Structure formats: C-alpha cells, structure tokens
>>> print(open('data-v3.cif').read())   # mmCIF, C-alpha atoms
data_target
loop_
_atom_site.label_atom_id
_atom_site.label_comp_id
_atom_site.auth_asym_id
_atom_site.auth_seq_id
_atom_site.Cartn_x
_atom_site.Cartn_y
_atom_site.Cartn_z
CA PRO A 1 -7.65 33.66 36.65
CA THR A 2 -6.80 32.44 33.20
CA PRO A 3 -8.45 29.09 32.52
CA SER A 4 -6.00 26.27 32.02
CA PRO A 5 -5.79 24.95 28.46
CA ASN A 6 -7.53 21.71 27.64
CA THR A 7 -4.83 19.10 28.02
CA THR A 8 -7.04 16.11 27.18
CA PRO A 9 -5.03 13.99 24.75
CA GLN A 10 -6.57 13.54 21.33
CA PRO A 11 -7.39 9.95 20.37
CA ILE A 12 -4.93 8.35 17.98
CA PRO A 13 -6.45 7.38 14.62
CA PRO A 14 -6.64 3.59 14.30
CA ARG A 15 -4.10 3.59 11.48
CA TYR A 16 -1.43 5.05 13.81
CA VAL A 17 -1.88 2.73 16.77
CA ASN A 18 1.54 1.23 17.65
CA VAL A 19 3.20 3.29 14.87
CA PRO A 20 6.30 5.27 15.99
CA GLN A 21 5.25 8.83 16.77
CA PRO A 22 7.43 10.63 14.17
CA TYR A 23 5.65 8.80 11.35
CA HIS A 24 2.16 10.01 12.31
CA LYS A 25 2.69 13.47 10.80
CA GLN A 26 4.83 12.11 7.97
CA LEU A 27 2.12 9.71 6.86
CA GLU A 28 -0.55 12.40 7.16
CA SER A 29 1.62 14.59 4.94
CA SER A 30 1.94 11.74 2.44
CA PHE A 31 -1.82 11.25 2.31
CA GLU A 32 -2.27 14.97 1.63
CA GLN A 33 0.43 14.93 -1.05
CA ILE A 34 -1.05 11.96 -2.92
CA LEU A 35 -4.54 13.45 -2.86
CA THR A 36 -3.22 16.82 -4.03
CA LEU A 37 -1.07 15.31 -6.78
CA THR A 38 -4.05 13.37 -8.15
CA SER A 39 -6.67 16.12 -7.76
CA THR A 40 -6.10 17.70 -11.18
CA PRO A 41 -6.27 16.05 -14.61
CA LEU A 42 -3.11 15.17 -16.51
CA PRO A 43 -2.36 16.88 -19.84
CA THR A 44 -3.58 14.70 -22.71
CA SER A 45 -0.94 15.80 -25.20
CA GLU A 46 2.38 17.63 -25.47
CA VAL A 47 0.51 20.64 -26.83
CA GLN A 48 -1.08 21.27 -23.46
CA THR A 49 1.13 23.34 -21.17
CA SER A 50 1.29 22.87 -17.44
CA THR A 51 -0.06 25.55 -15.14
CA GLU A 52 0.92 26.64 -11.69
CA GLU A 53 -2.17 24.88 -10.34
CA ASN A 54 -1.34 21.68 -12.17
CA GLY A 55 2.40 21.31 -12.73
CA TRP A 56 2.11 18.03 -14.66
CA LYS A 57 3.76 17.55 -18.04
CA TYR A 58 2.57 15.05 -20.61
CA LEU A 59 4.67 11.87 -20.73
CA PHE A 60 2.75 9.39 -22.89
CA SER A 61 -0.62 7.81 -23.58
CA LYS A 62 -0.67 4.13 -24.48
CA LYS A 63 -2.55 0.92 -23.72
CA GLY A 64 -5.13 2.84 -21.72
CA VAL A 65 -2.64 4.62 -19.46
CA LEU A 66 -2.23 8.39 -19.47
CA ALA A 67 1.10 9.32 -17.88
CA GLY A 68 2.61 12.57 -16.73
CA THR A 69 5.73 13.80 -14.94
CA MET A 70 6.47 16.65 -12.58
CA ASN A 71 9.97 18.04 -12.33
CA GLY A 72 11.77 18.62 -9.06
CA LYS A 73 14.84 17.44 -7.23
CA ASN A 74 13.52 13.95 -7.97
CA THR A 75 11.13 13.37 -10.86
CA THR A 76 7.57 12.47 -9.90
CA VAL A 77 5.63 10.22 -12.27
CA ARG A 78 1.90 9.55 -12.37
CA GLY A 79 -0.17 7.06 -14.34
CA ASP A 80 -3.97 7.19 -14.67
CA ALA A 81 -6.15 4.38 -16.02
CA ILE A 82 -9.47 2.61 -15.84
CA MET A 83 -9.08 -0.99 -14.67
CA LYS A 84 -11.92 -3.39 -15.50
CA MET A 85 -12.14 -4.92 -12.05
CA PRO A 86 -13.49 -3.85 -8.64
CA PRO A 87 -11.44 -1.48 -6.44
CA LEU A 88 -11.06 -4.00 -3.62
CA ALA A 89 -9.67 -6.57 -6.07
CA VAL A 90 -7.05 -4.05 -7.24
CA PHE A 91 -6.15 -3.13 -3.65
CA ASN A 92 -5.92 -6.82 -2.78
CA THR A 93 -3.06 -7.11 -5.28
CA VAL A 94 -1.11 -3.92 -4.62
CA ILE A 95 -1.13 -4.33 -0.80
CA ASN A 96 0.42 -7.82 -1.01
CA VAL A 97 4.21 -7.51 -1.22
CA TYR A 98 4.59 -11.13 -2.37
CA LYS A 99 2.46 -10.57 -5.46
CA LYS A 100 4.72 -7.77 -6.63
CA GLU A 101 7.45 -10.19 -7.65
CA LYS A 102 4.96 -11.89 -9.96
CA TYR A 103 3.87 -8.88 -12.02
CA ASP A 104 6.89 -6.53 -11.70
CA ASN A 105 9.85 -7.81 -13.74
CA GLN A 106 12.15 -5.28 -12.05
CA PHE A 107 11.32 -6.57 -8.56
CA ASP A 108 13.44 -9.24 -6.86
CA THR A 109 11.88 -10.03 -3.49
CA GLY A 110 10.53 -8.48 -0.32
CA LYS A 111 9.24 -8.97 3.21
CA ARG A 112 6.66 -7.47 5.49
CA LEU A 113 8.75 -6.66 8.54
CA ILE A 114 6.13 -5.27 10.91
CA THR A 115 2.36 -5.15 11.07
CA TYR A 116 1.46 -2.25 13.37
CA ASN A 117 -2.31 -2.53 12.90
CA PRO A 118 -4.72 -3.39 10.07
CA TYR A 119 -3.84 -0.17 8.25
CA THR A 120 -0.09 0.32 8.59
CA PHE A 121 2.92 -1.88 7.86
CA CYS A 122 6.68 -1.78 7.33
CA ASP A 123 7.94 -3.46 4.13
CA TYR A 124 11.37 -4.28 2.74
CA LEU A 125 11.71 -4.31 -1.07
CA ARG A 126 14.67 -5.37 -3.17
CA PHE A 127 14.93 -4.78 -6.91
CA LYS A 128 16.99 -6.51 -9.56
CA SER A 129 20.18 -4.82 -10.67
CA VAL A 130 20.47 -3.67 -14.27
CA TRP A 131 24.03 -3.71 -15.56
CA PRO A 132 26.09 -1.66 -14.84
CA THR A 133 24.12 -0.41 -11.81
CA SER A 134 24.01 -1.80 -8.27
CA THR A 135 21.03 -3.50 -6.67
CA ARG A 136 18.56 -1.05 -5.13
CA ASP A 137 16.47 -1.76 -2.07
CA LEU A 138 13.96 0.23 -0.03
CA CYS A 139 12.47 0.12 3.44
CA ASN A 140 9.01 1.71 3.49
CA ILE A 141 6.30 2.44 5.97
CA VAL A 142 3.00 1.76 4.21
CA SER A 143 -0.46 2.91 5.23
CA TRP A 144 -3.95 3.10 3.74
CA LYS A 145 -7.26 4.75 4.48
CA VAL A 146 -10.65 5.29 2.88
CA GLU A 147 -11.25 8.87 1.87
CA LYS A 148 -14.94 9.67 1.67
CA SER A 149 -16.04 11.05 -1.67
CA VAL A 150 -17.69 14.46 -1.83
CA ASN A 151 -21.12 12.99 -2.46
CA ASP A 152 -20.68 10.37 0.26
CA GLY A 153 -19.40 12.45 3.15
CA GLY A 154 -22.81 13.65 4.21
CA GLY A 155 -24.44 10.27 4.36
CA SER A 156 -25.85 10.44 0.86
CA SER A 157 -27.25 7.50 -1.04
CA SER A 158 -24.03 6.96 -3.01
CA ASN A 159 -23.54 3.26 -3.64
CA THR A 160 -19.81 3.38 -4.31
CA GLY A 161 -18.48 4.59 -0.96
CA GLY A 162 -15.21 6.52 -0.90
CA LYS A 163 -11.82 5.91 -2.44
CA ILE A 164 -8.88 3.90 -1.17
CA VAL A 165 -5.71 5.92 -0.65
CA LEU A 166 -2.50 3.94 -0.19
CA VAL A 167 0.81 5.67 0.62
CA ALA A 168 4.40 4.60 1.15
CA ARG A 169 7.44 6.56 2.28
CA LYS A 170 10.92 5.79 3.56
CA PHE A 171 11.28 4.12 6.95
CA GLU A 172 14.52 4.57 8.86
CA ASP A 173 15.45 2.17 11.66
CA ASP A 174 18.60 0.07 11.34
CA LYS A 175 17.35 -2.32 14.01
CA VAL A 176 14.24 -3.12 11.99
CA CYS A 177 15.64 -2.77 8.49
CA PRO A 178 19.46 -2.79 8.46
CA LYS A 179 21.26 -1.79 5.30
CA VAL A 180 22.56 -4.69 3.22
CA LYS A 181 26.17 -4.67 2.05
CA GLY A 182 26.39 -4.29 -1.71
CA ASN A 183 22.92 -2.77 -2.06
CA VAL A 184 22.15 0.91 -2.58
CA ARG A 185 19.35 2.00 -0.21
CA ALA A 186 16.94 4.09 -2.29
CA GLU A 187 14.32 6.30 -0.63
CA ALA A 188 10.62 6.65 -1.38
CA ILE A 189 9.94 10.38 -1.12
CA VAL A 190 6.24 9.85 -1.74
CA ALA A 191 4.46 6.99 -3.47
CA GLY A 192 0.97 5.64 -3.52
CA TRP A 193 -2.29 4.74 -5.19
CA VAL A 194 -5.73 6.33 -5.30
CA ILE A 195 -8.40 3.77 -6.23
CA GLU A 196 -12.05 4.68 -6.68
CA GLU A 197 -15.02 2.96 -8.22
CA VAL A 198 -16.44 3.68 -11.66
CA LYS A 199 -19.26 1.95 -13.46
CA LEU A 200 -18.14 0.18 -16.62
CA PRO A 201 -20.27 0.24 -19.79
CA ASP A 202 -21.52 -3.28 -18.98
CA GLY A 203 -22.69 -2.11 -15.53
CA GLU A 204 -19.93 -3.93 -13.62
CA ARG A 205 -17.70 -2.35 -10.98
CA GLY A 206 -14.49 -0.92 -12.39
CA SER A 207 -11.66 1.10 -10.89
CA LYS A 208 -10.38 4.54 -11.72
CA VAL A 209 -6.78 4.44 -10.50
CA SER A 210 -3.87 6.82 -10.20
CA ILE A 211 -0.38 5.72 -9.21
CA VAL A 212 2.15 8.34 -8.10
CA VAL A 213 5.83 7.59 -7.49
CA CYS A 214 8.69 9.88 -6.49
CA THR A 215 11.83 7.97 -5.49
CA ASP A 216 15.40 9.01 -4.84
CA LEU A 217 17.30 6.11 -6.40
CA LYS A 218 20.58 7.40 -4.96
CA GLY A 219 23.89 7.23 -6.77
CA SER A 220 24.31 7.87 -10.48
CA LEU A 221 22.15 6.07 -13.02
CA PRO A 222 22.31 6.19 -16.84
CA GLY A 223 19.53 8.23 -18.40
CA ASN A 224 18.10 5.26 -20.31
CA ILE A 225 17.67 3.26 -17.09
CA LYS A 226 15.93 6.17 -15.36
CA THR A 227 13.58 6.44 -18.34
CA LEU A 228 12.86 2.70 -18.23
CA VAL A 229 12.09 2.77 -14.51
CA THR A 230 9.90 5.87 -14.82
CA GLN A 231 7.82 4.54 -17.70
CA GLN A 232 7.25 1.14 -16.10
CA GLN A 233 6.02 2.74 -12.88
CA ALA A 234 3.43 4.72 -14.82
CA MET A 235 2.37 1.55 -16.68
CA PHE A 236 1.63 -0.47 -13.53
CA PRO A 237 -2.18 -0.16 -13.86
CA VAL A 238 -2.20 -2.04 -17.17
CA ILE A 239 0.61 -4.41 -16.11
CA ILE A 240 -1.28 -5.36 -12.94
CA GLU A 241 -4.62 -5.64 -14.73
CA ARG A 242 -3.18 -8.08 -17.28
CA TRP A 243 -1.59 -10.18 -14.53
CA MET A 244 -4.78 -10.20 -12.46
CA LYS A 245 -6.93 -11.36 -15.37
CA GLU A 246 -4.62 -14.33 -15.88
CA ASN A 247 -3.87 -15.23 -12.24
CA GLU A 248 -6.38 -13.75 -9.79
CA ASN A 249 -9.95 -14.57 -8.87
CA TRP A 250 -10.85 -10.90 -9.09
CA ARG A 251 -14.57 -11.69 -9.45
CA ASP A 252 -14.69 -13.01 -5.87
CA LYS A 253 -17.86 -11.81 -4.12
CA ARG A 254 -15.85 -10.28 -1.27
CA PHE A 255 -14.65 -7.61 -3.72
CA ASP A 256 -18.16 -6.77 -4.98
CA VAL A 257 -18.91 -4.28 -2.19
CA ARG A 258 -18.83 -0.57 -1.42
CA ILE A 259 -15.51 1.05 -0.55
CA GLU A 260 -15.70 1.25 3.24
CA GLU A 261 -13.03 0.53 5.83
CA ARG A 262 -15.05 -2.37 7.25
CA ASN A 263 -15.30 -3.98 3.83
CA VAL A 264 -11.63 -3.42 3.00
CA ILE A 265 -10.53 -5.02 6.26
CA SER A 266 -12.90 -7.99 6.09
CA GLY A 267 -12.54 -8.58 2.34
CA VAL A 268 -8.82 -7.89 1.87
CA ILE A 269 -6.72 -7.27 4.98
CA SER A 270 -8.04 -10.19 7.04
CA GLN A 271 -7.46 -12.53 4.08
CA LEU A 272 -3.76 -11.74 3.59
CA PRO A 273 -1.22 -14.55 4.09
CA LYS A 274 -0.43 -15.14 7.77
CA ASP A 275 3.13 -13.87 7.41
CA LEU A 276 1.82 -10.52 6.13
CA LEU A 277 -0.56 -9.98 9.02
CA VAL A 278 -0.81 -10.66 12.74
CA GLY A 279 -4.28 -10.13 14.11
CA VAL A 280 -6.82 -7.66 12.74
CA LYS A 281 -9.97 -6.16 14.13
CA PRO A 282 -12.47 -4.30 11.92
CA PRO A 283 -13.69 -0.89 13.10
CA PRO A 284 -17.13 -0.75 14.74
CA PRO A 285 -20.14 -0.31 12.43
CA PRO A 286 -21.18 3.31 11.84
CA GLU A 287 -24.12 4.68 13.79
CA GLY A 288 -27.42 3.86 12.21
CA SER A 289 -26.15 0.78 10.37
CA ASP A 290 -27.88 -2.54 10.62
CA ASN A 291 -26.83 -5.20 13.11
CA THR A 292 -25.27 -7.54 10.59
CA PRO A 293 -22.68 -9.74 12.40
CA GLN A 294 -19.22 -8.30 11.93
CA VAL A 295 -16.09 -10.11 10.87
CA GLY A 296 -14.22 -10.84 14.07
CA ASP A 297 -17.31 -11.51 16.19
CA GLU A 298 -17.52 -14.75 18.12
CA ASN A 299 -18.60 -16.73 15.09
CA GLY A 300 -15.54 -18.92 14.71
CA ASP A 301 -14.19 -17.09 11.65
CA ARG A 302 -10.50 -16.64 10.94
CA THR A 303 -10.45 -12.99 11.94
CA GLY A 304 -11.97 -13.79 15.32
CA ARG A 305 -9.22 -16.29 15.98
CA LEU A 306 -6.59 -13.79 14.89
CA ARG A 307 -8.06 -11.18 17.22
CA GLN A 308 -7.83 -13.59 20.15
CA GLN A 309 -4.22 -14.28 19.19
CA GLN A 310 -3.50 -10.54 19.06
CA GLN A 311 -5.04 -9.97 22.50
CA GLN A 312 -3.02 -12.81 23.99
CA GLN A 313 0.19 -11.40 22.46
CA GLN A 314 -0.62 -7.93 23.80
CA GLN A 315 -1.18 -9.24 27.31
CA GLN A 316 2.01 -11.28 27.22
CA SER A 317 4.02 -8.36 25.81
CA LEU A 318 2.73 -5.90 28.38
CA ALA A 319 3.37 -8.39 31.17
CA ASN A 320 6.98 -8.56 30.02
CA GLY A 321 7.25 -4.78 29.72
CA GLY A 322 7.54 -4.99 25.94
CA SER A 323 6.14 -3.03 23.02
CA THR A 324 2.59 -3.49 21.76
CA ALA A 325 3.74 -3.38 18.14
CA TYR A 326 3.87 -6.69 16.34
CA SER A 327 6.68 -8.07 14.25
CA ALA A 328 5.14 -10.10 11.46
CA PRO A 329 6.65 -13.57 11.24
CA LEU A 330 9.36 -13.70 8.62
CA PRO A 331 8.25 -15.41 5.40
CA PRO A 332 9.46 -18.90 4.46
CA THR A 333 12.92 -19.16 3.01
CA PRO A 334 13.22 -19.07 -0.79
CA THR A 335 13.51 -22.87 -0.84
CA SER A 336 10.14 -23.30 0.84
CA PRO A 337 7.54 -25.13 -1.26
CA SER A 338 5.12 -22.29 -0.58
CA HIS A 339 7.38 -19.92 -2.52
CA PRO A 340 8.85 -22.02 -5.36
CA ASN A 341 9.44 -18.95 -7.51
CA ARG A 342 11.56 -17.10 -4.98
CA PRO A 343 15.19 -16.40 -6.00
CA SER A 344 17.79 -18.66 -4.47
CA ASN A 345 19.62 -15.86 -2.64
CA PRO A 346 17.62 -15.26 0.59
CA LEU A 347 17.55 -11.92 2.37
CA PRO A 348 19.74 -11.58 5.44
CA PRO A 349 17.92 -12.35 8.70
CA LEU A 350 16.28 -9.39 10.37
CA PRO A 351 16.02 -8.89 14.15
CA ARG A 352 12.72 -9.37 15.92
CA LEU A 353 11.51 -6.37 17.95
CA TRP A 354 10.44 -8.38 20.97
#
>>> encode(input="data-v3.cif", output="structure tokens")
Amino acid sequence: PTPSPNTTPQPIPPRYVNVPQPYHKQLESSFEQILTLTSTPLPTSEVQTSTEENGWKYLFSKKGVLAGTMNGKNTTVRGDAIMKMPPLAVFNTVINVYKKEKYDNQFDTGKRLITYNPYTFCDYLRFKSVWPTSTRDLCNIVSWKVEKSVNDGGGSSSNTGGKIVLVARKFEDDKVCPKVKGNVRAEAIVAGWVIEEVKLPDGERGSKVSIVVCTDLKGSLPGNIKTLVTQQQAMFPVIIERWMKENENWRDKRFDVRIEERNVISGVISQLPKDLLVGVKPPPPPEGSDNTPQVGDENGDRTGRLRQQQQQQQQQSLANGGSTAYSAPLPPTPTSPSHPNRPSNPLPPLPRLW
C-alpha cells in the first residue's frame, strides 16, 4: 500500500502568529523582494547602464545618499547610506509610527491599529495634501525579522549578528481600516528597510541602510509632485539621521548590541509606547547560549508584566470564543497633552476587533 503523506502541520513562524493566513505568503514574498532589490549595488553615475541582473538606474548622489530608480508599472525608488548610529537605534525610530510625523514633513498622522505579535503590526498612515491633489492615506501590514549574514549563519565568531529587514505592504480589511471619505487610499506594493551594522572609522557601531519604496499613489498626480515624493523617500536615511542626532538618545546602551531577535525585542520592541504594543515575549535563547536572565522572566520588569497581561487577555478572549489577535489601544486624541504636536483634525474612530 502507498504510504500516506505526512500531514503533520508545519509550525507557524513567530512573526505570523495571529496574522491572517493570506498575509503569511504575501509577507514572505515581500521579504524576498526587499532582499533581492537590495542585493546588488546601485549605479554611481548616469554613465553606468543598468543590466538585466541589476535593473537600477542612477537617480542622484547627495548628502551621503546614493539613490536609484527601477521602472515598472509603479516606479520603485531606493536610497543607500551609512548612518553614524547603531542599527537598533535606527530601527527604534523607523518602527515607531508616531515618530514619523516628527521627521517626515509630508506625513500628517497615523495609528497602530493591531499588534499581532512582537514582529507584525497593522498601521494606518495619512499624508498631507499638496495642492491641487487630494490627501493620500495607506493601511499597511508591517513585519520585521533578522536575516542572518553569510558569515554568521554557521555560528561563526561574527560580532555584528545579522541584518534587520523591515517590510510593509497594503492591508485590506474595511472592518479594521475603513476608507475615509475625501482621502485617496494609496497602496504600498512593496516597501521596507534593510539595516546592517558597519564599523565606523572611529570604531563605533554604524548602520549601512537601504530603503526601498514602491507605492501606487492612485489617481493622477502632477509630475513635479511625483518627483518630490520620490526624491524625499530616497533621502530618508539622512533626514532621519539628522532628526535623531537632535532629538533621540541614540547612544543608549540598549542599542549597543549585536543584531539578534532577542536584542531587538528587548531593546526596541518591548520599549515602544503602550499604545503601539500589547504584550511581547522574546524568543527563547539559542542552544548553547549562556543562562543570562531573559527579558520577560519573573524579574518584575515591564516586559514580564506585559506578558502576564497578554496571557490574561488570551485566556479571556478564548473563554469568550474570540480571536487571539490583539487590537492595540487607540492613541490619545490630538488634544491629549501626550501628543501636543498632533494636528487638530483627529482620525475617525476605528472599530475594535473584539
């Protein structure tokens, strides 16, 4: 008799726990796309021609950013730079939707709608309108992972770890993120960051970063506005670096560590504002590691308390027959003292999932 096929279900990667099933493959595809799009160097001048293996065309080189574009149905833009601050400090800024309104002059406001797990979220973003165009907004599913570097995958003595890969793509669910009258709902085809460590001349930790953005802005836009948007996206590494130097404690010791998932969760994710996160739990230590107490152990730290809160919510939700996904609490209204710089026109209320 023919042996029956192995029907044992494969374990779900931690970053997809509670995430709607259709987005598992979509996010995996986005991770592959970002890594592929950043795997080859950008042309350093207009003289260089793109090849079939590369496909990038030179856009500009200024203020330490080398930018390129790739033609298609929607233009893809990429910006490469060296940022003089540790990778976890950079990630700490780009993963926080509330900080975006402080360094991006095209951004209006946003919310984290759902926290599925420590790796994956759903965000709403609204951008300022530029006359004579309409306001654009996006609803994205956002996820990150640590990709092991070639010299680190085999347990080598590399002291930098891997690289952080952050991706975002369109999220479609009118119950979670209903369309807003008067706004044009743009779509993120693929967008993300690749952040890896480099040693600066002074011996400090720096970051080699690439940002890739391909967005369908929908509707018709004047060519000069498209050019403005494209160039600013490529310039984000230097824009963010300047803002961080003036406003962030990027020398915090929690950022001065190897790029590992445990360190990213304990040093960045678990420290996010409460309304961006509901309960996190770091992955178990790898085999052969020391027995250093982990963030989230019974040591009274904030992450431990959040984990207890998460477990209580899970038990209550399951008892009520509900979902195990978590809706992050909605942020304070724009008039809240904790957000004095928010615009006066608040976003429409969004439904809770459970």
>>> closest_atom_pairs(input="data-v3.cif", of="range 124-180 of chain A", to="range 29-40 of chain A", cutoff="12 Å", atoms="only C-alpha atoms", output="CSV")
residue,atom,partner,partner_atom,distance
A:Ile141,CA,A:Ser30,CA,10.9
A:Val142,CA,A:Ser30,CA,10.2
A:Ser143,CA,A:Phe31,CA,8.9
A:Trp144,CA,A:Phe31,CA,8.5
A:Lys145,CA,A:Phe31,CA,8.7
A:Val146,CA,A:Phe31,CA,10.7
A:Glu147,CA,A:Leu35,CA,9.4
A:Lys148,CA,A:Leu35,CA,12.0
A:Ser149,CA,A:Leu35,CA,11.8
A:Lys163,CA,A:Leu35,CA,10.5
A:Ile164,CA,A:Leu35,CA,10.6
A:Val165,CA,A:Phe31,CA,7.2
A:Leu166,CA,A:Phe31,CA,7.8
A:Val167,CA,A:Phe31,CA,6.4
A:Ala168,CA,A:Ser30,CA,7.7
A:Arg169,CA,A:Ser30,CA,7.6
A:Lys170,CA,A:Ser30,CA,10.8
>>> residues_around(input="data-v3.cif", residues="Tyr103 in chain A", least_positions_apart="6", cutoff="12 Å", atoms="all atoms listed in the file", output="JSON, numbers by chain")
{"A": [93, 94, 96, 97, 109, 232, 233, 235, 236, 237, 238, 239, 240, 241, 242, 243, 244, 245, 246, 247, 248]}
>>> resolve_selection(input="data-v3.cif", expression="the PyMOL selection byres ((chain A and resi 70) around 10)", output="JSON, numbers by chain")
{"A": [37, 50, 54, 55, 56, 57, 58, 59, 68, 69, 71, 72, 73, 74, 75, 76, 77, 78, 214]}
>>> atom_distance(input="data-v3.cif", atom1="CA of Ala191 in chain A", atom2="CA of Lys100 in chain A")
15.1 Å
>>> atom_distance(input="data-v3.cif", atom1="CA of Pro118 in chain A", atom2="CA of Pro86 in chain A")
20.7 Å
>>> atom_distance(input="data-v3.cif", atom1="CA of Ile259 in chain A", atom2="CA of Lys111 in chain A")
27.0 Å
>>> residues_near_point(input="data-v3.cif", point="(4.0, -11.0, 4.3)", cutoff="6 Å", atoms="only C-alpha atoms", output="number ranges by chain")
A: 111-112, 275-276
>>> write_last_selection(input="data-v3.cif", atoms="C-alpha atoms", output="PDB file, in the frame of the given file")
ATOM      1  CA  LYS A 111       9.240  -8.970   3.210  1.00  0.00           C
ATOM      2  CA  ARG A 112       6.660  -7.470   5.490  1.00  0.00           C
ATOM      3  CA  ASP A 275       3.130 -13.870   7.410  1.00  0.00           C
ATOM      4  CA  LEU A 276       1.820 -10.520   6.130  1.00  0.00           C
TER       5      LEU A 276
END
>>> residues_around(input="data-v3.cif", residues="Tyr124 in chain A", least_positions_apart="6", cutoff="8 Å", atoms="only C-alpha atoms", output="PyMOL selection string")
chain A and resi 110-113+137-140+177
>>> resolve_selection(input="data-v3.cif", expression="the PyMOL selection byres ((chain A and resi 256) around 9)", output="ChimeraX atom specification")
/A:86-89,205,251-255,257-258
>>> resolve_selection(input="data-v3.cif", expression="the PyMOL selection byres ((chain A and resi 16-25) around 9)", output="count of residues only")
21
>>> closest_residue(input="data-v3.cif", among="A:Pro11, A:Gly219, A:Gly203, A:Gly192", to="Ile95 in chain A", atoms="only C-alpha atoms")
A:Gly192
>>> closest_residue(input="data-v3.cif", among="A:Val268, A:Thr135, A:Ser210, A:Met85", to="Phe107 in chain A", atoms="only C-alpha atoms")
A:Thr135
>>> closest_residue(input="data-v3.cif", among="A:Asp108, A:Asp173, A:Glu197, A:Glu46", to="Arg126 in chain A", atoms="all atoms listed in the file")
A:Asp108
>>> decode(input="data-v3.cif", residues="range 86-93 of chain A", atoms="all heavy atoms", output="mmCIF file, in the first residue's frame")
data_model
loop_
_atom_site.group_PDB
_atom_site.id
_atom_site.type_symbol
_atom_site.label_atom_id
_atom_site.label_comp_id
_atom_site.auth_asym_id
_atom_site.auth_seq_id
_atom_site.Cartn_x
_atom_site.Cartn_y
_atom_site.Cartn_z
ATOM 1 N N PRO A 86 23.975 53.197 15.784
ATOM 2 C CA PRO A 86 23.796 51.745 15.760
ATOM 3 C C PRO A 86 22.510 51.317 15.053
ATOM 4 O O PRO A 86 21.510 52.045 15.055
ATOM 5 C CB PRO A 86 23.736 51.376 17.257
ATOM 6 C CG PRO A 86 24.354 52.522 17.972
ATOM 7 C CD PRO A 86 24.037 53.731 17.150
ATOM 8 N N PRO A 87 22.505 50.113 14.466
ATOM 9 C CA PRO A 87 21.319 49.615 13.767
ATOM 10 C C PRO A 87 20.050 49.595 14.613
ATOM 11 O O PRO A 87 18.979 49.952 14.142
ATOM 12 C CB PRO A 87 21.731 48.199 13.356
ATOM 13 C CG PRO A 87 23.216 48.261 13.228
ATOM 14 C CD PRO A 87 23.665 49.200 14.306
ATOM 15 N N LEU A 88 20.165 49.185 15.884
ATOM 16 C CA LEU A 88 18.960 49.121 16.711
ATOM 17 C C LEU A 88 18.395 50.505 16.992
ATOM 18 O O LEU A 88 17.182 50.670 17.159
ATOM 19 C CB LEU A 88 19.237 48.391 18.022
ATOM 20 C CG LEU A 88 18.907 46.874 17.995
ATOM 21 C CD1 LEU A 88 19.875 46.144 17.087
ATOM 22 C CD2 LEU A 88 18.944 46.284 19.399
ATOM 23 N N ALA A 89 19.265 51.525 17.037
ATOM 24 C CA ALA A 89 18.784 52.894 17.235
ATOM 25 C C ALA A 89 18.000 53.362 16.007
ATOM 26 O O ALA A 89 16.965 54.024 16.132
ATOM 27 C CB ALA A 89 19.952 53.837 17.502
ATOM 28 N N VAL A 90 18.496 53.008 14.815
ATOM 29 C CA VAL A 90 17.789 53.364 13.582
ATOM 30 C C VAL A 90 16.437 52.657 13.532
ATOM 31 O O VAL A 90 15.395 53.262 13.260
ATOM 32 C CB VAL A 90 18.632 52.997 12.343
ATOM 33 C CG1 VAL A 90 17.864 53.278 11.056
ATOM 34 C CG2 VAL A 90 19.950 53.771 12.347
ATOM 35 N N PHE A 91 16.443 51.360 13.816
ATOM 36 C CA PHE A 91 15.198 50.586 13.797
ATOM 37 C C PHE A 91 14.209 51.125 14.826
ATOM 38 O O PHE A 91 12.997 51.156 14.579
ATOM 39 C CB PHE A 91 15.504 49.116 14.057
ATOM 40 C CG PHE A 91 14.298 48.221 14.030
ATOM 41 C CD1 PHE A 91 13.624 47.970 12.841
ATOM 42 C CD2 PHE A 91 13.826 47.625 15.188
ATOM 43 C CE1 PHE A 91 12.514 47.150 12.802
ATOM 44 C CE2 PHE A 91 12.721 46.801 15.156
ATOM 45 C CZ PHE A 91 12.059 46.564 13.974
ATOM 46 N N ASN A 92 14.703 51.554 15.967
ATOM 47 C CA ASN A 92 13.856 52.107 17.014
ATOM 48 C C ASN A 92 13.065 53.317 16.523
ATOM 49 O O ASN A 92 11.950 53.576 16.980
ATOM 50 C CB ASN A 92 14.713 52.503 18.217
ATOM 51 C CG ASN A 92 13.894 53.025 19.380
ATOM 52 O OD1 ASN A 92 13.087 52.318 19.956
ATOM 53 N ND2 ASN A 92 14.094 54.296 19.720
ATOM 54 N N THR A 93 13.628 54.051 15.578
ATOM 55 C CA THR A 93 12.937 55.220 15.018
ATOM 56 C C THR A 93 11.971 54.827 13.915
ATOM 57 O O THR A 93 10.820 55.252 13.901
ATOM 58 C CB THR A 93 13.954 56.241 14.488
ATOM 59 O OG1 THR A 93 14.734 56.745 15.582
ATOM 60 C CG2 THR A 93 13.253 57.413 13.803
#
